[in-house]
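Okay, final_36.cif is below, mmCIF, C-alpha atoms:
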data_final
#
loop_
_atom_site.label_atom_id
_atom_site.label_comp_id
_atom_site.auth_asym_id
_atom_site.auth_seq_id
_atom_site.Cartn_x
_atom_site.Cartn_y
_atom_site.Cartn_z
CA MET Y 137 108.83 89.29 105.91
CA SER Y 138 106.47 92.14 106.16
CA ILE Y 139 103.45 93.76 107.68
CA LEU Y 140 100.02 92.33 108.42
CA HIS Y 141 97.60 95.15 107.68
CA THR Y 142 94.21 94.89 109.36
CA VAL Y 143 91.12 96.81 108.23
CA ASN Y 144 87.99 96.66 110.38
CA LYS Y 145 85.80 99.38 108.91
CA SER Y 146 83.36 99.23 106.01
CA SER Y 147 84.94 100.66 102.89
CA PHE Y 148 81.52 102.12 102.04
CA GLU Y 149 81.72 104.36 105.09
CA LYS Y 150 85.39 105.02 105.79
CA SER Y 151 88.60 105.40 103.83
CA SER Y 152 90.76 103.09 105.95
CA LEU Y 153 90.91 100.39 103.23
CA ASP Y 154 92.10 102.97 100.69
CA SER Y 155 94.69 104.31 103.13
CA CYS Y 156 95.86 100.82 103.91
CA LEU Y 157 96.27 99.96 100.23
CA ARG Y 158 98.19 103.19 99.64
CA TYR Y 159 100.82 102.24 102.22
CA ALA Y 160 100.86 98.45 102.00
CA LYS Y 161 103.96 97.26 100.21
CA ASP Y 162 103.91 94.40 97.74
CA GLY Y 163 104.02 91.06 99.48
CA SER Y 164 102.30 92.24 102.63
CA THR Y 165 99.06 90.67 103.85
CA LEU Y 166 95.66 92.33 104.21
CA LEU Y 167 93.11 91.05 106.73
CA LEU Y 168 89.53 92.31 106.57
CA TYR Y 169 87.55 91.82 109.77
CA GLU Y 170 84.56 93.30 111.64
CA ASP Y 171 82.81 95.67 109.16
CA GLY Y 172 85.91 95.50 106.98
CA VAL Y 173 84.66 92.16 105.60
CA TYR Y 174 82.04 93.84 103.40
CA ALA Y 175 84.82 94.89 101.01
CA ALA Y 176 85.39 91.21 100.21
CA LEU Y 177 81.93 90.65 98.69
CA LYS Y 178 81.48 89.64 95.06
CA GLY Y 179 79.68 92.25 93.00
CA ALA Y 180 80.27 95.03 95.53
CA ALA Y 181 81.73 98.33 94.35
CA SER Y 182 84.95 97.36 96.16
CA GLU Y 183 85.45 94.19 94.08
CA GLU Y 184 87.92 95.65 91.56
CA LYS Y 185 89.91 97.26 94.37
CA ILE Y 186 90.23 93.94 96.19
CA LYS Y 187 91.03 92.04 92.99
CA SER Y 188 93.75 94.50 92.16
CA ALA Y 189 95.08 94.27 95.73
CA MET Y 190 95.23 90.48 95.36
CA GLN Y 191 97.82 90.85 92.59
CA ASN Y 192 100.35 92.15 95.12
CA HIS Y 193 98.99 91.01 98.48
CA LYS Y 194 97.55 88.00 100.18
CA VAL Y 195 93.99 89.05 101.09
CA CYS Y 196 92.12 87.35 103.95
CA ALA Y 197 88.77 87.91 105.62
CA LEU Y 198 87.65 86.75 109.05
CA GLY Y 199 85.03 84.02 108.56
CA PRO Y 200 83.23 84.52 111.89
CA ASP Y 201 82.61 88.19 111.02
CA LEU Y 202 81.25 87.30 107.55
CA LYS Y 203 79.03 84.58 108.96
CA ALA Y 204 77.68 86.89 111.66
CA ARG Y 205 76.72 89.37 108.92
CA GLY Y 206 74.89 86.75 106.84
CA PHE Y 207 77.51 85.90 104.22
CA SER Y 208 79.04 82.56 103.34
CA GLN Y 209 82.12 81.72 101.29
CA ASP Y 210 80.20 81.66 97.97
CA ARG Y 211 79.51 85.39 98.25
CA VAL Y 212 83.19 86.21 98.76
CA ILE Y 213 85.53 87.18 95.91
CA ASP Y 214 87.46 84.12 94.67
CA GLY Y 215 90.96 84.14 96.01
CA VAL Y 216 90.15 85.86 99.29
CA SER Y 217 91.05 83.35 102.02
CA LEU Y 218 88.59 82.94 104.86
CA ILE Y 219 90.27 82.41 108.20
CA ASP Y 220 89.19 82.07 111.84
CA TYR Y 221 90.71 83.72 114.94
CA ALA Y 222 93.41 81.04 115.10
CA GLY Y 223 94.29 81.95 111.52
CA PHE Y 224 94.39 85.63 112.51
CA VAL Y 225 96.93 84.74 115.20
CA ASP Y 226 99.00 82.79 112.66
CA LEU Y 227 99.01 85.76 110.26
CA ALA Y 228 100.13 88.08 113.07
CA ALA Y 229 102.89 85.66 114.09
CA GLU Y 230 104.08 85.13 110.51
CA ALA Y 231 104.28 88.85 109.76
CA GLU Y 232 107.02 90.99 111.28
CA LYS Y 233 104.50 93.40 112.76
CA VAL Y 234 100.85 94.33 112.62
CA GLN Y 235 99.55 97.66 111.40
CA ALA Y 236 95.93 98.30 112.40
CA TRP Y 237 94.13 100.77 110.11
CA VAL Y 238 91.67 101.74 112.82
CA MET W 129 105.74 84.08 120.76
CA LYS W 130 105.10 87.01 123.09
CA PHE W 131 102.03 89.10 122.21
CA ALA W 132 100.74 92.39 123.60
CA ILE W 133 97.19 93.57 122.92
CA GLN W 134 95.95 97.17 122.88
CA ILE W 135 92.22 97.95 123.04
CA ASN W 136 91.11 101.47 122.15
CA GLU W 137 87.33 101.21 122.46
CA GLY W 138 84.88 100.49 125.24
CA PRO W 139 82.55 97.49 125.40
CA TYR W 140 79.28 97.19 123.41
CA GLN W 141 79.62 100.41 121.36
CA HIS W 142 82.28 98.86 119.11
CA GLN W 143 83.24 95.30 118.30
CA ALA W 144 86.87 96.05 119.16
CA SER W 145 86.82 94.52 122.66
CA ASP W 146 84.99 91.41 121.39
CA SER W 147 87.48 90.92 118.56
CA ALA W 148 90.38 91.46 120.95
CA TYR W 149 88.90 88.90 123.35
CA TYR W 150 88.59 86.17 120.72
CA PHE W 151 92.01 87.03 119.34
CA THR W 152 93.57 86.86 122.82
CA LYS W 153 91.89 83.50 123.49
CA ALA W 154 93.21 82.16 120.20
CA VAL W 155 96.72 83.42 121.00
CA LEU W 156 96.62 81.53 124.31
CA GLU W 157 95.10 78.39 122.78
CA LYS W 158 97.96 78.29 120.30
CA GLY W 159 100.42 78.23 123.19
CA HIS W 160 101.72 81.77 122.72
CA GLU W 161 102.16 84.20 125.60
CA VAL W 162 100.09 87.35 126.17
CA MET W 163 102.37 89.58 128.23
CA ARG W 164 99.84 92.41 128.61
CA VAL W 165 96.43 93.64 127.54
CA PHE W 166 96.46 97.43 127.59
CA PHE W 167 93.19 99.37 127.67
CA TYR W 168 93.43 102.90 126.30
CA HIS W 169 91.09 105.71 125.16
CA ASP W 170 87.48 104.57 125.77
CA GLY W 171 88.92 101.07 126.11
CA VAL W 172 89.31 101.80 129.83
CA ASN W 173 85.52 101.33 130.11
CA ASN W 174 86.14 97.59 129.71
CA GLY W 175 87.42 97.70 133.28
CA THR W 176 84.36 98.78 135.29
CA ARG W 177 82.71 96.12 137.40
CA LEU W 178 79.46 98.15 137.41
CA THR W 179 78.56 96.98 133.90
CA THR W 180 75.17 95.25 133.90
CA PRO W 181 74.25 93.97 130.43
CA PRO W 182 70.92 92.21 129.81
CA GLN W 183 70.98 88.53 130.81
CA ASP W 184 70.85 87.28 127.23
CA ASP W 185 73.90 89.34 126.23
CA ARG W 186 77.56 88.59 126.84
CA ASN W 187 79.21 90.22 129.84
CA ILE W 188 82.31 91.69 128.22
CA VAL W 189 83.87 92.90 131.47
CA ASN W 190 83.40 89.59 133.33
CA ARG W 191 84.71 87.74 130.32
CA TRP W 192 88.00 89.67 130.51
CA SER W 193 88.20 89.18 134.29
CA GLU W 194 87.68 85.43 133.88
CA LEU W 195 90.16 85.06 131.04
CA GLY W 196 92.59 87.13 133.10
CA GLU W 197 92.20 84.86 136.09
CA GLN W 198 92.52 81.64 134.09
CA HIS W 199 95.71 82.74 132.34
CA ASN W 200 97.14 85.17 134.85
CA LEU W 201 96.84 88.00 132.31
CA ASP W 202 98.13 91.49 133.03
CA LEU W 203 95.02 93.59 132.28
CA VAL W 204 96.18 97.21 132.48
CA VAL W 205 93.90 100.23 132.35
CA CYS W 206 95.67 103.51 131.49
CA VAL W 207 95.49 105.86 134.45
CA ALA W 208 95.25 109.13 132.48
CA ALA W 209 92.48 107.80 130.24
CA ALA W 210 90.75 106.20 133.26
CA GLN W 211 90.74 109.42 135.28
CA ARG W 212 89.04 111.25 132.42
CA ARG W 213 86.37 108.60 132.17
CA GLY W 214 85.75 107.76 135.81
CA ILE W 215 87.37 104.35 136.11
CA VAL W 216 88.77 104.24 139.63
CA ASP W 217 90.54 101.76 141.91
CA GLU W 218 90.94 102.13 145.65
CA GLY W 219 94.19 104.05 145.41
CA GLU W 220 92.84 106.47 142.82
CA MET W 221 89.69 106.90 144.90
CA GLN W 222 91.74 108.03 147.88
CA ARG W 223 94.17 110.16 145.88
CA ASN W 224 91.40 112.05 144.12
CA GLY W 225 88.98 112.22 147.03
CA LYS W 226 86.25 110.19 145.33
CA ASP W 227 83.50 108.35 147.21
CA ALA W 228 83.66 105.07 145.28
CA HIS W 229 85.81 102.83 143.13
CA ASN W 230 84.69 100.60 140.29
CA ILE W 231 87.66 98.69 138.87
CA ALA W 232 86.73 95.15 137.87
CA PRO W 233 88.53 92.09 139.31
CA GLY W 234 91.81 91.27 137.63
CA PHE W 235 92.30 94.74 136.13
CA ARG W 236 94.88 97.18 137.42
CA ILE W 237 95.35 100.90 136.76
CA SER W 238 98.80 102.00 135.69
CA GLY W 239 100.63 104.49 133.53
CA LEU W 240 101.18 104.79 129.80
CA GLY W 241 104.69 103.53 130.34
CA GLN W 242 103.10 100.08 130.51
CA LEU W 243 102.09 100.40 126.86
CA ILE W 244 105.56 101.52 125.81
CA GLU W 245 107.07 98.66 127.81
CA ALA W 246 104.68 96.27 126.07
CA GLY W 247 105.94 97.61 122.75
CA ILE W 248 109.51 96.98 123.81
CA GLN W 249 109.09 93.58 125.45
CA SER W 250 106.53 91.92 123.20
CA GLU W 251 107.27 90.50 119.79
CA ARG W 252 103.88 91.50 118.35
CA LEU W 253 101.66 94.41 119.37
CA VAL W 254 98.13 94.01 118.02
CA VAL W 255 95.77 96.98 118.20
CA PHE W 256 91.97 96.78 118.24
CA GLY W 257 90.03 100.02 117.81
CA ASP W 258 87.40 101.94 115.92
CA MET B 239 112.21 92.99 114.30
CA SER B 240 115.22 94.49 112.54
CA GLU B 241 118.03 92.06 111.99
CA GLU B 242 120.74 94.00 113.76
CA GLU B 243 119.20 94.57 117.17
CA ARG B 244 120.39 97.82 118.76
CA THR B 245 120.97 98.27 122.47
CA ASP B 246 121.38 101.25 124.77
CA ASP B 247 124.16 101.91 127.31
CA GLU B 248 122.68 99.51 129.84
CA GLY B 249 122.26 96.77 127.28
CA GLY B 250 118.51 97.37 126.90
CA VAL B 251 116.99 96.82 123.49
CA ILE B 252 116.31 99.90 121.35
CA LYS B 253 113.43 99.33 119.01
CA LYS B 254 112.23 101.40 116.09
CA PHE B 255 108.87 102.79 117.17
CA MET B 256 106.55 104.53 114.76
CA TYR B 257 103.51 106.48 115.88
CA VAL B 258 100.99 106.70 113.07
CA ASN B 259 98.75 109.76 113.30
CA ARG B 260 95.67 109.54 111.07
CA ARG B 261 93.08 111.46 113.08
CA ALA B 262 92.06 115.10 113.14
CA PRO B 263 92.17 116.88 116.52
CA TYR B 264 89.18 117.88 118.70
CA GLY B 265 86.42 115.91 116.93
CA THR B 266 87.71 112.86 118.81
CA VAL B 267 90.29 112.45 121.57
CA TYR B 268 92.60 110.10 119.67
CA ALA B 269 95.07 112.79 118.54
CA LEU B 270 95.49 114.22 122.05
CA GLU B 271 95.77 110.87 123.80
CA SER B 272 98.21 109.52 121.24
CA LEU B 273 100.39 112.59 121.73
CA GLU B 274 100.39 111.76 125.45
CA VAL B 275 101.78 108.32 124.59
CA VAL B 276 104.58 109.88 122.55
CA LEU B 277 105.54 112.17 125.45
CA ILE B 278 105.61 109.34 127.98
CA GLY B 279 107.35 107.08 125.50
CA ALA B 280 110.17 109.59 125.06
CA ALA B 281 111.51 108.62 128.50
CA PHE B 282 112.17 105.10 127.22
CA ASP B 283 114.89 106.16 124.77
CA GLN B 284 113.61 104.22 121.79
CA ASP B 285 114.24 105.13 118.14
CA VAL B 286 111.03 107.08 117.62
CA SER B 287 109.40 108.53 114.53
CA MET B 288 105.98 110.06 114.00
CA VAL B 289 104.10 110.07 110.71
CA PHE B 290 101.16 112.29 109.91
CA ILE B 291 98.97 110.86 107.18
CA ASP B 292 95.29 111.17 106.19
CA ASP B 293 93.48 113.53 108.61
CA GLY B 294 96.50 113.33 110.94
CA VAL B 295 98.00 116.25 109.00
CA PHE B 296 95.32 118.50 110.55
CA GLU B 297 96.88 117.89 113.98
CA ILE B 298 99.81 120.14 113.08
CA LYS B 299 97.92 122.93 111.27
CA LYS B 300 99.13 126.40 112.30
CA GLY B 301 96.94 128.87 114.12
CA GLN B 302 94.63 126.55 116.08
CA ASP B 303 92.46 128.52 118.53
CA THR B 304 90.07 126.51 120.63
CA ALA B 305 88.81 129.36 122.83
CA GLU B 306 85.29 129.16 121.46
CA ILE B 307 84.90 125.37 121.71
CA GLY B 308 86.06 125.16 125.32
CA MET B 309 88.77 122.59 124.69
CA LYS B 310 92.49 122.73 125.34
CA ASN B 311 94.60 123.72 122.35
CA PHE B 312 97.28 121.06 122.50
CA SER B 313 98.93 121.93 119.19
CA PRO B 314 101.87 123.84 120.82
CA THR B 315 102.96 120.50 122.30
CA TYR B 316 104.02 119.30 118.84
CA ARG B 317 106.60 122.11 118.82
CA ALA B 318 107.93 120.87 122.18
CA LEU B 319 108.57 117.34 120.88
CA GLU B 320 112.08 118.33 119.92
CA MET B 321 112.91 118.83 123.61
CA TYR B 322 111.85 115.23 124.17
CA ASP B 323 114.24 114.12 121.41
CA VAL B 324 111.32 113.24 119.16
CA GLU B 325 112.75 114.77 116.01
CA LYS B 326 111.68 112.53 113.17
CA LEU B 327 108.35 113.90 112.01
CA TYR B 328 107.19 112.81 108.57
CA VAL B 329 104.18 114.11 106.68
CA SER B 330 102.47 112.61 103.66
CA GLN B 331 102.74 114.88 100.64
CA GLU B 332 99.60 113.34 99.13
CA SER B 333 97.57 113.74 102.34
CA LEU B 334 98.52 117.44 102.51
CA ALA B 335 97.64 118.02 98.85
CA GLU B 336 94.30 116.20 99.12
CA ARG B 337 93.35 118.60 101.91
CA GLY B 338 94.49 121.75 100.16
CA LEU B 339 97.40 122.26 102.55
CA THR B 340 101.07 123.01 101.99
CA GLU B 341 104.09 122.76 104.26
CA ASP B 342 103.59 126.48 105.09
CA ASP B 343 100.37 125.55 106.90
CA LEU B 344 102.25 123.40 109.43
CA LEU B 345 103.32 124.61 112.87
CA VAL B 346 106.39 122.43 113.27
CA ASP B 347 109.41 121.45 111.20
CA VAL B 348 108.65 118.23 109.38
CA GLU B 349 109.89 116.27 106.44
CA VAL B 350 107.22 116.10 103.74
CA MET B 351 107.56 112.99 101.64
CA PRO B 352 105.58 110.89 99.18
CA ASP B 353 103.50 107.98 100.47
CA SER B 354 105.87 105.52 98.83
CA ARG B 355 108.67 106.68 101.13
CA ILE B 356 106.40 106.59 104.16
CA ALA B 357 105.51 103.03 103.22
CA ASP B 358 109.24 102.19 103.15
CA LEU B 359 109.67 103.76 106.60
CA MET B 360 106.75 101.76 108.01
CA ASP B 361 108.35 98.63 106.69
CA GLU B 362 111.57 99.37 108.59
CA GLN B 363 109.90 99.67 112.00
CA ASP B 364 109.84 97.16 114.84
CA VAL B 365 106.57 98.39 116.35
CA ILE B 366 103.76 100.50 114.90
CA PHE B 367 101.49 102.32 117.34
CA THR B 368 98.05 103.32 116.10
CA PHE B 369 95.30 105.02 118.03
#
Transcribe the structure of this file into structure tokens.
Amino acid sequence: MSILHTVNKSSFEKSSLDSCLRYAKDGSTLLLYEDGVYAALKGAASEEKIKSAMQNHKVCALGPDLKARGFSQDRVIDGVSLIDYAGFVDLAAEAEKVQAWV
Amino acid sequence: MKFAIQINEGPYQHQASDSAYYFTKAVLEKGHEVMRVFFYHDGVNNGTRLTTPPQDDRNIVNRWSELGEQHNLDLVVCVAAAQRRGIVDEGEMQRNGKDAHNIAPGFRISGLGQLIEAGIQSERLVVFGD
Amino acid sequence: MSEEERTDDEGGVIKKFMYVNRRAPYGTVYALESLEVVLIGAAFDQDVSMVFIDDGVFEIKKGQDTAEIGMKNFSPTYRALEMYDVEKLYVSQESLAERGLTEDDLLVDVEVMPDSRIADLMDEQDVIFTF
């Protein structure tokens, strides 16, 4: 098992997503939440980065944070799983540990 | 499973405390244990009972106090970070010769060792910050 | 958690703790307050390592002098970590290079290594502290 990496900052403003992807090993999971969810949008400059991350990682985004910001599932890159807080807890429990890229 | 939660940011300025709250609730609803919620850096500001948000906004501090009471949570505010930022309980008030205390119900002030202990005793440490 | 769980003399569990330092000093308090956690944590006799990545490498830049900004220069404390038995300090080679720094710029003995090795180290930990 491996690490659940969480990213909560917009990749348009901060480099935490890039840092996370530099250190995340294949097979680990990436959760985008709070302003981190913007990276999961179709057509955004981050799309290729997320698509390439999906080849080696499970990528999830927190649905309540997307919804709050005015985005529904159809605006999210195909293959990114939308989860709720209960799903966040499951991801944390399934991983061996959680690394927060705050 | 035994969880510990660390919160690095104060209320309202960042979403960190809100996210941590909903995460903690979900942990409890799933039947897991939350052995400690540790408030560090500006996160100690989640523990002042003097917070007065507008009526149509959530009361982040009361929400933690209530969740703490319902589930007997150990809500720990770091003493060193709290002293810097003016979060005071009765003991700290007397020790430092202050004229008031402001710790919210259900919170307690303790040392950083409580965070290390949480790292040792919990199975998952989940950090919420900026 | 690692498969073979280690214990100390009194049968207490010894976990692999990693402190991840990604913040520059002074502009925010994270670097100082996370160093305080490391110092307190040293009393708990865990298997501790510290990594300096991203702007965290600026925490251990030589020659810091805060006299004119009115803040405490806490950088000498990194040199005292050894006395607390915190001896495993790892620095990202890429993060140094990106910032125009070399190992000679650092005020404490560290092991500079590529990000891929730091990623391996992170994977081996029981608990990762981030601030």
key: Between atom CA of Arg177 of chain W and atom CA of Asn230 of chain W, distance in Å (one decimal)   =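 So the answer is 5.7 Å.
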With 3 Å of padding per side, what axis-aligned box (centre and edge lengths, Å, one decimal) covers all the listed atoms of segment 200-216 of chain Y? Give it as AutoDock Vina command-line options.
--center_x 82.9 --center_y 85.5 --center_z 103.3 --size_x 22.1 --size_y 13.7 --size_z 23.2
Resolved residues for the PyMOL selection byres ((chain W) within 10 of (chain Y)) as a compact mmCIF listing (two decimals) with C-alpha atoms, keeping the file's coordinate frame:
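The result, stored in result27.txt:
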# COMPACT_ATOMS: atom_id res chain seq x y z
CA MET W 129 105.74 84.08 120.76
CA LYS W 130 105.10 87.01 123.09
CA PHE W 131 102.03 89.10 122.21
CA ASN W 136 91.11 101.47 122.15
CA HIS W 142 82.28 98.86 119.11
CA GLN W 143 83.24 95.30 118.30
CA ALA W 144 86.87 96.05 119.16
CA ASP W 146 84.99 91.41 121.39
CA SER W 147 87.48 90.92 118.56
CA ALA W 148 90.38 91.46 120.95
CA TYR W 150 88.59 86.17 120.72
CA PHE W 151 92.01 87.03 119.34
CA THR W 152 93.57 86.86 122.82
CA LYS W 153 91.89 83.50 123.49
CA ALA W 154 93.21 82.16 120.20
CA VAL W 155 96.72 83.42 121.00
CA LEU W 156 96.62 81.53 124.31
CA GLU W 157 95.10 78.39 122.78
CA LYS W 158 97.96 78.29 120.30
CA HIS W 160 101.72 81.77 122.72
CA GLU W 251 107.27 90.50 119.79
CA ARG W 252 103.88 91.50 118.35
CA LEU W 253 101.66 94.41 119.37
CA VAL W 254 98.13 94.01 118.02
CA VAL W 255 95.77 96.98 118.20
CA PHE W 256 91.97 96.78 118.24
CA GLY W 257 90.03 100.02 117.81
CA ASP W 258 87.40 101.94 115.92
For the provided coordinates, the residues matched by the PyMOL selection byres ((chain B) within 9 of (chain W)) should be stated as a tab-separated table (two decimals) with C-alpha atoms, keeping the file's coordinate frame.
chain	number	residue	atom	x	y	z
B	239	MET	CA	112.21	92.99	114.30
B	251	VAL	CA	116.99	96.82	123.49
B	252	ILE	CA	116.31	99.90	121.35
B	253	LYS	CA	113.43	99.33	119.01
B	255	PHE	CA	108.87	102.79	117.17
B	267	VAL	CA	90.29	112.45	121.57
B	268	TYR	CA	92.60	110.10	119.67
B	271	GLU	CA	95.77	110.87	123.80
B	272	SER	CA	98.21	109.52	121.24
B	274	GLU	CA	100.39	111.76	125.45
B	275	VAL	CA	101.78	108.32	124.59
B	278	ILE	CA	105.61	109.34	127.98
B	279	GLY	CA	107.35	107.08	125.50
B	281	ALA	CA	111.51	108.62	128.50
B	282	PHE	CA	112.17	105.10	127.22
B	284	GLN	CA	113.61	104.22	121.79
B	364	ASP	CA	109.84	97.16	114.84
B	365	VAL	CA	106.57	98.39	116.35
B	366	ILE	CA	103.76	100.50	114.90
B	367	PHE	CA	101.49	102.32	117.34
B	368	THR	CA	98.05	103.32	116.10
B	369	PHE	CA	95.30	105.02	118.03
inquiry  = Residues within 12 Å of segment 302-308 of chain B, please, as a VMD selection string. Count all atoms listed in the file; anything in the same chain fewer than 3 positions from it doesn't count.
reply    = chain B and resid 263 to 265 296 to 299 311 to 314 343 to 345
Evaluate the PyMOL selection byres ((chain W and resi 238) around 6) here and jot the selected residues down as a short mmCIF file (atom, residue, chain, number, x, y, z; two decimals) with C-alpha atoms, in the coordinates of the input.
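Full text of result_11.cif as output:
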data_model
loop_
_atom_site.label_atom_id
_atom_site.label_comp_id
_atom_site.auth_asym_id
_atom_site.auth_seq_id
_atom_site.Cartn_x
_atom_site.Cartn_y
_atom_site.Cartn_z
CA CYS W 206 95.67 103.51 131.49
CA VAL W 207 95.49 105.86 134.45
CA ILE W 237 95.35 100.90 136.76
CA GLY W 239 100.63 104.49 133.53
#
key: Nearest to chain B by atom-to-atom distance, counting only C-alpha atoms, from Y:Ile139, Y:Met190, Y:Val195, Y:Ala204   = Y:Ile139
inquiry  = Just want the 9 Å neighbourhood of segment 198-202 of chain W, counted on only C-alpha atoms, with same-chain residues fewer than 3 positions away dropped. Output as a PyMOL selection string.
reply    = chain W and resi 156+162-166+193-195+234-236
List the spatial neighbours of Asp293 of chain B as a PDB file with C-alpha atoms, in the frame of the given file - criterion: any atom at most 6 Å away, all atoms listed in the file, same-chain residues fewer than 4 positions off excluded.
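The file below, around.pdb, is the result:
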ATOM      1  CA  ARG B 260      95.670 109.540 111.070  1.00  0.00           C
ATOM      2  CA  ARG B 261      93.080 111.460 113.080  1.00  0.00           C
ATOM      3  CA  ALA B 262      92.060 115.100 113.140  1.00  0.00           C
TER       4      ALA B 262
END
